[in-house]
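Dumped coords-v9.cif below, it's mmCIF, C-alpha atoms:
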```
data_start
#
loop_
_atom_site.label_atom_id
_atom_site.label_comp_id
_atom_site.auth_asym_id
_atom_site.auth_seq_id
_atom_site.Cartn_x
_atom_site.Cartn_y
_atom_site.Cartn_z
CA MET A 29 140.26 115.49 197.62
CA ALA A 30 144.03 114.93 197.93
CA ASN A 31 143.86 111.62 196.07
CA LEU A 32 141.76 113.31 193.36
CA ILE A 33 144.60 115.79 192.85
CA THR A 34 147.04 112.91 192.37
CA VAL A 35 144.72 111.29 189.83
CA SER A 36 144.36 114.63 188.01
CA ARG A 37 148.15 114.96 187.81
CA LEU A 38 148.37 111.58 186.14
CA ILE A 39 145.63 112.43 183.65
CA VAL A 40 147.44 115.65 182.69
CA LEU A 41 150.70 113.69 182.42
CA PHE A 42 149.33 111.24 179.86
CA ILE A 43 147.67 114.03 177.89
CA VAL A 44 151.09 115.73 177.72
CA ILE A 45 152.76 112.50 176.57
CA TRP A 46 150.16 112.05 173.82
CA MET A 47 150.65 115.67 172.71
CA MET A 48 154.42 115.16 172.51
CA TYR A 49 153.95 112.52 169.84
CA VAL A 50 151.25 114.21 167.75
CA GLY A 51 151.66 117.95 168.33
CA ASN A 52 153.52 120.72 166.50
CA VAL A 53 155.87 123.31 167.97
CA GLN A 54 153.06 125.41 169.46
CA VAL A 55 151.53 122.32 171.08
CA LEU A 56 154.91 121.36 172.54
CA GLU A 57 155.24 124.85 173.99
CA ALA A 58 151.95 124.25 175.80
CA CYS A 59 153.31 120.88 176.95
CA MET A 60 156.23 122.66 178.62
CA LEU A 61 153.76 124.66 180.71
CA LEU A 62 151.74 121.56 181.54
CA VAL A 63 154.85 119.73 182.73
CA ILE A 64 155.43 122.62 185.12
CA VAL A 65 151.83 122.26 186.34
CA VAL A 66 152.30 118.51 186.92
CA PHE A 67 155.37 119.08 189.09
CA ALA A 68 154.13 122.25 190.80
CA SER A 69 151.05 120.35 191.99
CA ASP A 70 153.22 117.58 193.48
CA GLY A 71 153.05 118.92 197.02
CA LEU A 72 149.51 120.22 196.69
CA ASP A 73 147.86 116.88 197.48
CA GLY A 74 149.81 116.49 200.71
CA TRP A 75 149.05 120.07 201.74
CA VAL A 76 145.34 119.59 201.07
CA ALA A 77 145.31 116.33 203.05
CA ARG A 78 146.96 118.00 206.05
CA LYS A 79 144.71 121.06 205.79
CA ARG A 80 141.57 118.92 205.70
CA GLY A 81 142.84 116.49 208.35
CA SER A 82 142.50 113.58 205.94
CA THR A 83 146.05 112.22 205.89
CA SER A 84 146.31 108.43 205.66
CA SER A 85 148.85 105.69 204.95
CA PHE A 86 147.09 104.97 201.66
CA GLY A 87 147.27 108.62 200.66
CA ALA A 88 151.00 108.76 201.41
CA VAL A 89 151.69 105.60 199.40
CA PHE A 90 149.42 106.72 196.56
CA ASP A 91 151.22 110.07 196.41
CA ILE A 92 154.60 108.34 196.12
CA ALA A 93 153.21 105.95 193.51
CA GLY A 94 151.93 108.93 191.52
CA ASP A 95 155.36 110.55 191.66
CA ARG A 96 156.94 107.33 190.40
CA VAL A 97 154.51 107.12 187.47
CA VAL A 98 155.26 110.73 186.46
CA GLU A 99 159.01 110.31 186.72
CA ASN A 100 159.28 106.88 185.09
CA ALA A 101 156.86 107.67 182.27
CA LEU A 102 158.71 110.85 181.26
CA TRP A 103 162.16 109.23 181.35
CA ILE A 104 160.84 106.36 179.21
CA VAL A 105 159.21 108.73 176.71
CA PHE A 106 162.33 110.85 176.30
CA ALA A 107 164.40 107.71 175.77
CA ASP A 108 161.87 106.53 173.18
CA LEU A 109 162.18 109.92 171.46
CA ASP A 110 165.95 109.33 171.35
CA LEU A 111 166.84 112.31 173.55
CA ILE A 112 168.48 110.34 176.37
CA PRO A 113 170.14 106.88 176.49
CA VAL A 114 167.88 103.95 177.38
CA TRP A 115 169.95 103.08 180.47
CA VAL A 116 168.56 106.18 182.21
CA PRO A 117 164.92 105.00 182.45
CA LEU A 118 166.11 101.44 183.15
CA MET A 119 168.17 102.71 186.08
CA VAL A 120 165.39 105.00 187.33
CA VAL A 121 162.75 102.25 187.20
CA THR A 122 165.04 99.74 188.95
CA ARG A 123 165.96 102.27 191.61
CA GLY A 124 162.30 103.09 192.20
CA PHE A 125 161.25 99.47 192.67
CA LEU A 126 164.12 98.75 195.07
CA VAL A 127 163.75 101.91 197.16
CA ASP A 128 159.97 101.63 197.40
CA GLY A 129 160.28 97.94 198.32
CA LEU A 130 162.63 98.78 201.18
CA ARG A 131 160.47 101.68 202.33
CA SER A 132 157.43 99.40 202.42
CA LEU A 133 159.18 97.55 205.22
CA SER A 134 159.34 100.74 207.25
CA LEU A 135 155.66 101.42 206.58
CA MET A 136 154.90 98.02 208.12
CA GLN A 137 156.68 99.23 211.26
CA GLY A 138 154.59 102.40 211.45
CA MET A 139 157.20 104.68 209.89
CA THR A 140 156.81 107.06 206.96
CA ALA A 141 158.78 107.45 203.73
CA PHE A 142 159.54 111.08 204.58
CA GLY A 143 159.33 113.34 207.59
CA GLU A 144 160.69 112.78 211.08
CA HIS A 145 159.66 109.14 211.49
CA ASN A 146 161.48 107.60 208.53
CA MET A 147 163.70 104.53 208.31
CA MET A 148 167.01 106.35 207.87
CA GLN A 149 169.63 105.56 210.52
CA SER A 150 171.63 108.82 210.54
CA SER A 151 170.83 112.52 210.42
CA PHE A 152 172.82 112.94 207.19
CA SER A 153 171.04 110.15 205.33
CA ALA A 154 167.70 111.43 206.63
CA TRP A 155 168.55 114.93 205.36
CA LEU A 156 169.69 113.61 201.99
CA THR A 157 166.72 111.34 201.34
CA ALA A 158 163.85 112.74 203.39
CA GLY A 159 164.78 116.35 204.16
CA ARG A 160 162.57 119.00 202.62
CA PHE A 161 165.50 120.93 201.14
CA MET A 162 166.96 117.97 199.23
CA ARG A 163 163.53 116.79 198.16
CA ALA A 164 162.86 120.28 196.80
CA VAL A 165 166.21 120.42 194.97
CA PHE A 166 165.61 116.98 193.47
CA GLY A 167 162.05 117.83 192.48
CA TRP A 168 162.93 121.11 190.80
CA ALA A 169 165.93 119.59 189.02
CA LYS A 170 163.66 116.91 187.54
CA ALA A 171 160.95 119.43 186.67
CA ALA A 172 163.35 121.81 184.96
CA GLY A 173 165.11 118.94 183.18
CA PHE A 174 161.83 117.52 181.88
CA VAL A 175 160.68 120.96 180.71
CA PHE A 176 163.97 121.38 178.87
CA LEU A 177 163.64 117.96 177.19
CA THR A 178 160.06 118.74 176.20
CA GLY A 179 161.25 121.92 174.52
CA LEU A 180 164.03 119.95 172.86
CA VAL A 181 161.39 117.76 171.21
CA ALA A 182 159.87 120.93 169.71
CA TRP A 183 163.24 122.36 168.68
CA ARG A 184 163.97 119.28 166.58
CA MET A 185 160.81 119.78 164.54
CA PRO A 186 161.11 121.24 161.01
CA ASP A 187 158.83 124.19 161.81
CA ALA A 188 160.78 125.28 164.91
CA SER A 189 162.77 127.91 163.01
CA GLY A 190 161.65 131.44 163.82
CA THR A 191 159.73 130.43 166.94
CA ILE A 192 160.49 131.25 170.57
CA ILE A 193 161.64 127.67 171.08
CA GLY A 194 163.90 127.93 168.05
CA SER A 195 165.55 131.09 169.38
CA MET A 196 166.02 129.73 172.90
CA TYR A 197 167.45 126.36 171.94
CA ALA A 198 169.70 127.80 169.25
CA THR A 199 171.71 129.33 172.10
CA GLU A 200 174.46 126.93 173.12
CA ALA A 201 174.64 128.28 176.68
CA PHE A 202 170.92 127.58 177.15
CA ARG A 203 171.28 124.01 175.89
CA TRP A 204 174.31 123.48 178.13
CA PHE A 205 172.36 124.71 181.15
CA GLY A 206 169.39 122.50 180.29
CA TRP A 207 171.50 119.37 179.91
CA THR A 208 173.21 120.19 183.23
CA LEU A 209 169.80 120.09 184.93
CA VAL A 210 168.92 116.80 183.22
CA TRP A 211 172.10 115.07 184.34
CA LEU A 212 171.86 116.63 187.81
CA ALA A 213 168.46 114.97 188.16
CA VAL A 214 169.93 111.64 187.03
CA ALA A 215 172.85 111.97 189.46
CA LEU A 216 170.59 112.84 192.39
CA THR A 217 168.41 109.84 191.57
CA VAL A 218 171.42 107.62 192.27
CA ILE A 219 172.92 109.64 195.13
CA ARG A 220 169.67 109.83 197.12
CA ALA A 221 169.09 106.09 196.74
CA LEU A 222 172.45 104.96 198.14
CA PRO A 223 171.72 105.86 201.80
CA VAL A 224 168.43 103.97 201.58
CA PHE A 225 170.27 100.80 200.53
CA VAL A 226 172.97 101.25 203.20
CA ASP A 227 170.65 102.16 206.09
CA SER A 228 168.18 99.42 205.19
CA ILE A 229 170.79 96.85 206.20
CA GLY A 230 170.70 98.03 209.82
CA PHE A 231 166.95 98.52 209.71
CA ILE A 232 166.36 94.97 208.46
CA LYS A 233 168.70 93.58 211.12
CA LYS A 234 166.70 95.35 213.81
CA MET A 235 163.50 93.91 212.38
CA ASP A 236 164.98 90.40 212.41
CA GLU A 237 166.20 90.84 215.99
CA SER A 238 162.77 92.01 217.14
CA VAL A 239 161.17 88.98 215.48
CA ASP A 240 163.71 86.57 217.00
CA GLY A 241 163.33 88.21 220.37
#
```
Render the structure in this file as structure tokens.
Amino acid sequence: MANLITVSRLIVLFIVIWMMYVGNVQVLEACMLLVIVVFASDGLDGWVARKRGSTSSFGAVFDIAGDRVVENALWIVFADLDLIPVWVPLMVVTRGFLVDGLRSLSLMQGMTAFGEHNMMQSSFSAWLTAGRFMRAVFGWAKAAGFVFLTGLVAWRMPDASGTIIGSMYATEAFRWFGWTLVWLAVALTVIRALPVFVDSIGFIKKMDESVDG
């Protein structure tokens, strides 16, 4: 059931992406709501798995993989639509591959990507990368930023004048707030990755020592 939720999120994601390219302002308004649904259902699969007692290593990895697909696909689409510079998705994709590669080492040692039994070597790095609060802040910053960018696609359309989107995005303060959320998400993408790279050095050394021993 939990994995089915992850698959459903991805199906909705690609429907939204298709609609961004072919839809009008009203369709893009619906896309904004669907983006919220995609991100709001992020934790639902994990909750269902715990509730049903069906948690598994595959489910945890599949959930993370689903999150990566959602995040990377949207950054790439918004770069393709010329809303953000191309270095943003390039950086996000590179960061994702590196971080997930390092975390796969911890999975081999029976650890988890998040929660109490993660690979982080200090309480601060664990809080920053695996703590529920920072994960929530990061998730909502991305969700709000992606919703804003989706609306920006609609606002740039010729028929946006006189619509709700047109009124909202014509306000400079609203656009400033939206861009702040977008760049906050980009900044947190980098900031939350740094402790993983630093702490992985000690983690890898411990692995090597255990093998040599």
Can you turn the PyMOL selection byres ((chain A and resi 153) around 12) into a concrete residue list for this file, as a list in words?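 Evaluating the PyMOL selection byres ((chain A and resi 153) around 12) on these coordinates yields Phe142, Asn146, Met147, Met148, Gln149, Ser150, Ser151, Phe152, Ala154, Trp155, Leu156, Thr157, Ala158, Gly159, Met162, Ile219, Arg220, Ala221, Leu222, Pro223, Val224, Phe225, Val226, Asp227 and Ser228 of chain A.
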Which residue is closest to Leu61 of chain A? Choose from A:Thr122, A:Thr191, A:Asn31, A:Thr178 and count only C-alpha atoms.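 Among the listed residues, A:Thr178 lies closest to Leu61 of chain A.
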Here's the selection I'm unsure about, the PyMOL selection byres ((chain A and resi 181) around 12); applied to the file above, which residues does it give, as a ChimeraX atom specification? /A:45,47-57,59-60,105-112,174-180,182-188,193-194,197
Could you check the closest approach to Arg123 of chain A for each of A:Asn100, A:Trp46, A:Leu41, A:Ala172 and tell me which residue wins, using only C-alpha atoms?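 Closest candidate: A:Asn100.
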What gap, in Å, lies between atom CA of Trp103 of chain A and atom CA of Val40 of chain A?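 Spanning atom CA of Trp103 of chain A to atom CA of Val40 of chain A is a straight-line distance of 16.1 Å.
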Given the file above and the PyMOL selection byres ((chain A and resi 37) around 9), which residues are selected, and can you give them as a VMD selection string? chain A and resid 32 to 36 38 to 42 65 to 67 69 to 70 94 98
Taking all atoms listed in the file into account, name the residue in A:Val120, A:Val63, A:Leu133, A:Ala198 that is nearest to Ala215 of chain A.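 Of all the options, A:Val120 lies closest to Ala215 of chain A.
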Pairwise distance for atom CA of Leu209 of chain A and atom CA of Trp168 of chain A, rounded to one decimal in Å: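 Atom CA of Leu209 of chain A sits 9.1 Å away from atom CA of Trp168 of chain A.
Reported to one decimal place, the separation of atom CA of Ile64 of chain A from atom CA of Gly124 of chain A is 21.9 Å.
Using all atoms listed in the file, the nearest neighbour of Lys170 of chain A within the list A:Phe90, A:Trp115, A:Trp211, A:Phe125 is A:Trp211.
Distance annotation: of A:Met119, A:Val114, A:Ile43, A:Val127, the residue with the minimal separation from Ala93 of chain A is A:Val127; atom set is only C-alpha atoms.
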Closest of A:Ala58, A:Val121, A:Leu212, A:Ile229 to Asp95 of chain A - atom-to-atom distances counting all atoms listed in the file: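 The shortest atom-to-atom distance to Asp95 of chain A comes from A:Val121.
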